[in-house]
Amino acid sequence: MKVYSLIDITETKQRKNNSDNVVAIGQQANWMTFVQTMMLRTNMMCEPPTAVKYTAAELKELGFGTDYKGGHTVWEVDITTDSYQTMPAVESLESDFNLVPTVANLTETIRINNNVFRTSDQAKNILFKATENPLG
């Protein structure tokens, strides 16, 4: 599975006990919220996120909400499970993530609506894309 987020979920490993960098602490808080919410249904391995610049056309093609005009930074995360576990349905993950609080005003290029992950409607700021199973 691949997850795409318009909310900054950079893994920094910075927390209040080891850093004074407010942005890095907020990024780590969002990353931990992301990982913990992903694992509500099953254990998963989350690769560190990669920030990629997308054009307006690419964002539209992916399926982000129409509230976001122009090009934006997208955080991409590859997700896997152990071979004996199955990935939750995309609909289940969308339900789990919808309205989960986040820290805003980090390095994201969008204005976050109410400082939450949104998985529906015009404010959709996180997407889950199932990938092919390489084992068949």
# chains A, B, ... in the order shown; residues from 1 in each chain; ligands from 1

$ residues_around --residues "region 96-108 of chain A" --least-positions-apart "3" --cutoff "12 Å" --atoms "only C-alpha atoms" --output "mmCIF file with N, CA and C atoms, in the first residue's frame"
data_model
loop_
_atom_site.group_PDB
_atom_site.id
_atom_site.type_symbol
_atom_site.label_atom_id
_atom_site.label_comp_id
_atom_site.auth_asym_id
_atom_site.auth_seq_id
_atom_site.Cartn_x
_atom_site.Cartn_y
_atom_site.Cartn_z
ATOM 1 N N VAL A 3 0.597 5.411 0.827
ATOM 2 C CA VAL A 3 -0.216 6.470 1.403
ATOM 3 C C VAL A 3 0.369 7.806 0.964
ATOM 4 N N SER A 5 -0.013 11.981 1.696
ATOM 5 C CA SER A 5 -0.541 12.949 2.662
ATOM 6 C C SER A 5 -0.119 14.365 2.287
ATOM 7 N N LEU A 6 -1.061 15.289 2.355
ATOM 8 C CA LEU A 6 -0.742 16.705 2.189
ATOM 9 C C LEU A 6 -0.353 17.341 3.527
ATOM 10 N N ILE A 7 -0.498 16.580 4.601
ATOM 11 C CA ILE A 7 -0.105 17.026 5.936
ATOM 12 C C ILE A 7 1.325 16.552 6.191
ATOM 13 N N ASP A 8 2.131 17.414 6.768
ATOM 14 C CA ASP A 8 3.537 17.105 7.024
ATOM 15 C C ASP A 8 3.651 15.998 8.065
ATOM 16 N N ILE A 9 4.102 14.823 7.608
ATOM 17 C CA ILE A 9 4.295 13.672 8.507
ATOM 18 C C ILE A 9 5.767 13.232 8.496
ATOM 19 N N THR A 10 6.654 14.201 8.386
ATOM 20 C CA THR A 10 8.085 13.917 8.375
ATOM 21 C C THR A 10 8.510 13.241 9.679
ATOM 22 N N ASN A 21 13.277 22.428 18.737
ATOM 23 C CA ASN A 21 12.774 22.768 17.411
ATOM 24 C C ASN A 21 11.280 22.441 17.332
ATOM 25 N N VAL A 22 10.446 23.468 17.424
ATOM 26 C CA VAL A 22 8.996 23.288 17.476
ATOM 27 C C VAL A 22 8.469 22.612 16.208
ATOM 28 N N VAL A 23 9.010 22.961 15.059
ATOM 29 C CA VAL A 23 8.548 22.355 13.803
ATOM 30 C C VAL A 23 8.893 20.868 13.785
ATOM 31 N N ALA A 24 10.123 20.520 14.116
ATOM 32 C CA ALA A 24 10.540 19.111 14.109
ATOM 33 C C ALA A 24 9.741 18.290 15.123
ATOM 34 N N ILE A 25 9.439 18.869 16.260
ATOM 35 C CA ILE A 25 8.630 18.174 17.274
ATOM 36 C C ILE A 25 7.222 17.937 16.733
ATOM 37 N N GLY A 26 6.639 18.934 16.084
ATOM 38 C CA GLY A 26 5.314 18.785 15.490
ATOM 39 C C GLY A 26 5.301 17.759 14.371
ATOM 40 N N GLN A 27 6.344 17.751 13.542
ATOM 41 C CA GLN A 27 6.443 16.752 12.478
ATOM 42 C C GLN A 27 6.475 15.345 13.055
ATOM 43 N N GLN A 28 7.280 15.139 14.090
ATOM 44 C CA GLN A 28 7.370 13.825 14.722
ATOM 45 C C GLN A 28 6.029 13.432 15.353
ATOM 46 N N ALA A 29 5.343 14.399 15.953
ATOM 47 C CA ALA A 29 4.027 14.117 16.536
ATOM 48 C C ALA A 29 3.060 13.645 15.448
ATOM 49 N N ASN A 30 3.070 14.301 14.296
ATOM 50 C CA ASN A 30 2.208 13.881 13.186
ATOM 51 C C ASN A 30 2.604 12.491 12.680
ATOM 52 N N TRP A 31 3.911 12.230 12.592
ATOM 53 C CA TRP A 31 4.369 10.913 12.147
ATOM 54 C C TRP A 31 3.877 9.826 13.114
ATOM 55 N N MET A 32 4.017 10.061 14.398
ATOM 56 C CA MET A 32 3.580 9.068 15.386
ATOM 57 C C MET A 32 2.059 8.875 15.339
ATOM 58 N N THR A 33 1.318 9.946 15.152
ATOM 59 C CA THR A 33 -0.139 9.842 14.999
ATOM 60 C C THR A 33 -0.473 9.011 13.770
ATOM 61 N N PHE A 34 0.236 9.264 12.673
ATOM 62 C CA PHE A 34 0.021 8.506 11.434
ATOM 63 C C PHE A 34 0.282 7.011 11.658
ATOM 64 N N VAL A 35 1.436 6.687 12.222
ATOM 65 C CA VAL A 35 1.812 5.280 12.428
ATOM 66 C C VAL A 35 0.815 4.585 13.356
ATOM 67 N N GLN A 36 0.475 5.210 14.449
ATOM 68 C CA GLN A 36 -0.438 4.591 15.413
ATOM 69 C C GLN A 36 -1.830 4.388 14.813
ATOM 70 N N THR A 37 -2.293 5.332 14.023
ATOM 71 C CA THR A 37 -3.606 5.188 13.392
ATOM 72 C C THR A 37 -3.561 4.098 12.325
ATOM 73 N N MET A 38 -2.468 3.996 11.592
ATOM 74 C CA MET A 38 -2.329 2.925 10.592
ATOM 75 C C MET A 38 -2.428 1.556 11.243
ATOM 76 N N MET A 39 -1.957 1.444 12.479
ATOM 77 C CA MET A 39 -1.874 0.137 13.133
ATOM 78 C C MET A 39 -3.059 -0.176 14.042
ATOM 79 N N LEU A 40 -4.157 0.526 13.901
ATOM 80 C CA LEU A 40 -5.329 0.216 14.712
ATOM 81 C C LEU A 40 -5.881 -1.179 14.417
ATOM 82 N N ARG A 41 -5.757 -1.659 13.188
ATOM 83 C CA ARG A 41 -6.362 -2.930 12.781
ATOM 84 C C ARG A 41 -5.365 -4.076 12.638
ATOM 85 N N ALA A 51 9.060 13.409 0.975
ATOM 86 C CA ALA A 51 8.322 14.591 0.532
ATOM 87 C C ALA A 51 8.610 14.829 -0.949
ATOM 88 N N VAL A 52 7.534 14.925 -1.734
ATOM 89 C CA VAL A 52 7.651 15.080 -3.184
ATOM 90 C C VAL A 52 6.761 16.238 -3.627
ATOM 91 N N LYS A 53 7.252 17.076 -4.522
ATOM 92 C CA LYS A 53 6.451 18.171 -5.085
ATOM 93 C C LYS A 53 5.586 17.623 -6.214
ATOM 94 N N TYR A 68 -7.740 22.158 -2.641
ATOM 95 C CA TYR A 68 -6.304 22.410 -2.785
ATOM 96 C C TYR A 68 -5.978 22.731 -4.236
ATOM 97 N N GLY A 71 0.112 23.430 -7.211
ATOM 98 C CA GLY A 71 1.011 22.350 -6.828
ATOM 99 C C GLY A 71 1.257 22.355 -5.328
ATOM 100 N N HIS A 72 1.547 21.183 -4.770
ATOM 101 C CA HIS A 72 1.783 21.071 -3.329
ATOM 102 C C HIS A 72 2.782 19.971 -3.022
ATOM 103 N N THR A 73 3.327 20.016 -1.805
ATOM 104 C CA THR A 73 4.181 18.947 -1.311
ATOM 105 C C THR A 73 3.304 17.805 -0.818
ATOM 106 N N VAL A 74 3.676 16.588 -1.203
ATOM 107 C CA VAL A 74 2.966 15.386 -0.781
ATOM 108 C C VAL A 74 3.969 14.470 -0.083
ATOM 109 N N TRP A 75 3.582 13.963 1.080
ATOM 110 C CA TRP A 75 4.408 12.988 1.790
ATOM 111 C C TRP A 75 3.929 11.599 1.393
ATOM 112 N N PRO A 88 -5.619 -3.914 5.799
ATOM 113 C CA PRO A 88 -7.014 -3.503 5.951
ATOM 114 C C PRO A 88 -7.533 -2.878 4.649
ATOM 115 N N ALA A 89 -8.833 -2.919 4.460
ATOM 116 C CA ALA A 89 -9.448 -2.296 3.288
ATOM 117 C C ALA A 89 -9.214 -0.786 3.328
ATOM 118 N N VAL A 90 -9.096 -0.187 2.156
ATOM 119 C CA VAL A 90 -8.910 1.256 2.055
ATOM 120 C C VAL A 90 -10.039 1.981 2.786
ATOM 121 N N GLU A 91 -11.257 1.502 2.641
ATOM 122 C CA GLU A 91 -12.404 2.128 3.296
ATOM 123 C C GLU A 91 -12.249 2.118 4.823
ATOM 124 N N SER A 92 -11.692 1.052 5.368
ATOM 125 C CA SER A 92 -11.473 0.968 6.814
ATOM 126 C C SER A 92 -10.437 1.995 7.264
ATOM 127 N N LEU A 93 -9.362 2.123 6.507
ATOM 128 C CA LEU A 93 -8.333 3.108 6.853
ATOM 129 C C LEU A 93 -8.883 4.533 6.740
ATOM 130 N N ARG A 111 -3.356 24.844 3.453
ATOM 131 C CA ARG A 111 -3.988 25.339 4.675
ATOM 132 C C ARG A 111 -4.850 24.190 5.170
ATOM 133 N N ILE A 112 -4.557 23.681 6.358
ATOM 134 C CA ILE A 112 -5.255 22.513 6.885
ATOM 135 C C ILE A 112 -6.581 22.946 7.488
ATOM 136 N N ASN A 113 -7.650 22.277 7.070
ATOM 137 C CA ASN A 113 -8.992 22.567 7.545
ATOM 138 C C ASN A 113 -9.205 21.927 8.918
ATOM 139 N N ASN A 114 -9.246 22.725 9.966
ATOM 140 C CA ASN A 114 -9.500 22.264 11.336
ATOM 141 C C ASN A 114 -8.400 21.383 11.919
ATOM 142 N N ASN A 115 -7.213 21.369 11.345
ATOM 143 C CA ASN A 115 -6.072 20.627 11.880
ATOM 144 C C ASN A 115 -6.381 19.149 12.097
ATOM 145 N N VAL A 116 -6.961 18.514 11.086
ATOM 146 C CA VAL A 116 -7.275 17.089 11.148
ATOM 147 C C VAL A 116 -6.989 16.445 9.791
ATOM 148 N N PHE A 117 -6.769 15.119 9.816
ATOM 149 C CA PHE A 117 -6.761 14.368 8.571
ATOM 150 C C PHE A 117 -8.191 14.333 8.060
ATOM 151 N N ARG A 118 -8.363 14.521 6.750
ATOM 152 C CA ARG A 118 -9.687 14.437 6.120
ATOM 153 C C ARG A 118 -9.613 13.399 5.014
ATOM 154 N N THR A 119 -10.563 12.478 4.991
ATOM 155 C CA THR A 119 -10.531 11.396 4.000
ATOM 156 C C THR A 119 -11.712 11.442 3.042
ATOM 157 N N SER A 120 -12.479 12.517 3.103
ATOM 158 C CA SER A 120 -13.623 12.601 2.202
ATOM 159 C C SER A 120 -13.846 14.041 1.764
ATOM 160 N N ASP A 121 -14.636 14.167 0.732
ATOM 161 C CA ASP A 121 -15.089 15.455 0.220
ATOM 162 C C ASP A 121 -13.951 16.324 -0.319
ATOM 163 N N ALA A 123 -12.089 18.483 1.058
ATOM 164 C CA ALA A 123 -10.928 18.748 1.914
ATOM 165 C C ALA A 123 -10.053 17.518 2.114
ATOM 166 N N LYS A 124 -10.230 16.481 1.281
ATOM 167 C CA LYS A 124 -9.449 15.235 1.436
ATOM 168 C C LYS A 124 -7.962 15.550 1.358
ATOM 169 N N ASN A 125 -7.228 15.228 2.449
ATOM 170 C CA ASN A 125 -5.795 15.538 2.496
ATOM 171 C C ASN A 125 -4.914 14.313 2.732
ATOM 172 N N ILE A 126 -5.518 13.112 2.729
ATOM 173 C CA ILE A 126 -4.749 11.872 2.839
ATOM 174 C C ILE A 126 -5.428 10.810 1.983
ATOM 175 N N LEU A 127 -4.599 10.064 1.250
ATOM 176 C CA LEU A 127 -5.106 9.037 0.330
ATOM 177 C C LEU A 127 -4.414 7.707 0.594
ATOM 178 N N PHE A 128 -5.147 6.630 0.412
ATOM 179 C CA PHE A 128 -4.620 5.273 0.566
ATOM 180 C C PHE A 128 -4.797 4.559 -0.760
#

$ residues_around --residues "Tyr84 (chain A)" --least-positions-apart "2" --cutoff "12 Å" --atoms "only C-alpha atoms" --output "PyMOL selection string"
chain A and resi 42-44+80-82+86-87+135

$ closest_residue --among "A:Ser83, A:Thr131, A:Thr50, A:Thr55" --to "Gly70 (chain A)" --atoms "only C-alpha atoms"
A:Thr55

$ select_by_dssp --residues "region 59-117 of chain A" --states "strand (DSSP E or B)" --output "list of chain:residue names"
A:His72, A:Thr73, A:Val74, A:Trp75, A:Glu76, A:Val77, A:Asp78, A:Ile79, A:Thr80, A:Pro101, A:Val116

$ write_last_selection --atoms "N, CA and C atoms" --output "PDB file, in the first residue's frame"
ATOM      1  N   HIS A  72       1.547  21.183  -4.770  1.00  0.00           N
ATOM      2  CA  HIS A  72       1.783  21.071  -3.329  1.00  0.00           C
ATOM      3  C   HIS A  72       2.782  19.971  -3.022  1.00  0.00           C
ATOM      4  N   THR A  73       3.327  20.016  -1.805  1.00  0.00           N
ATOM      5  CA  THR A  73       4.181  18.947  -1.311  1.00  0.00           C
ATOM      6  C   THR A  73       3.304  17.805  -0.818  1.00  0.00           C
ATOM      7  N   VAL A  74       3.676  16.588  -1.203  1.00  0.00           N
ATOM      8  CA  VAL A  74       2.966  15.386  -0.781  1.00  0.00           C
ATOM      9  C   VAL A  74       3.969  14.470  -0.083  1.00  0.00           C
ATOM     10  N   TRP A  75       3.582  13.963   1.080  1.00  0.00           N
ATOM     11  CA  TRP A  75       4.408  12.988   1.790  1.00  0.00           C
ATOM     12  C   TRP A  75       3.929  11.599   1.393  1.00  0.00           C
ATOM     13  N   GLU A  76       4.848  10.796   0.850  1.00  0.00           N
ATOM     14  CA  GLU A  76       4.535   9.445   0.389  1.00  0.00           C
ATOM     15  C   GLU A  76       5.120   8.430   1.366  1.00  0.00           C
ATOM     16  N   VAL A  77       4.303   7.418   1.713  1.00  0.00           N
ATOM     17  CA  VAL A  77       4.749   6.381   2.645  1.00  0.00           C
ATOM     18  C   VAL A  77       4.377   5.022   2.069  1.00  0.00           C
ATOM     19  N   ASP A  78       5.367   4.143   1.976  1.00  0.00           N
ATOM     20  CA  ASP A  78       5.115   2.757   1.576  1.00  0.00           C
ATOM     21  C   ASP A  78       4.816   1.944   2.821  1.00  0.00           C
ATOM     22  N   ILE A  79       3.754   1.147   2.753  1.00  0.00           N
ATOM     23  CA  ILE A  79       3.282   0.360   3.890  1.00  0.00           C
ATOM     24  C   ILE A  79       3.258  -1.112   3.495  1.00  0.00           C
ATOM     25  N   THR A  80       3.741  -1.970   4.389  1.00  0.00           N
ATOM     26  CA  THR A  80       3.672  -3.418   4.164  1.00  0.00           C
ATOM     27  C   THR A  80       3.220  -4.094   5.459  1.00  0.00           C
ATOM     28  N   PRO A 101      -6.822  14.347  14.793  1.00  0.00           N
ATOM     29  CA  PRO A 101      -6.112  15.621  14.940  1.00  0.00           C
ATOM     30  C   PRO A 101      -4.648  15.557  14.491  1.00  0.00           C
ATOM     31  N   VAL A 116      -6.961  18.514  11.086  1.00  0.00           N
ATOM     32  CA  VAL A 116      -7.275  17.089  11.148  1.00  0.00           C
ATOM     33  C   VAL A 116      -6.989  16.445   9.791  1.00  0.00           C
TER      34      VAL A 116
END
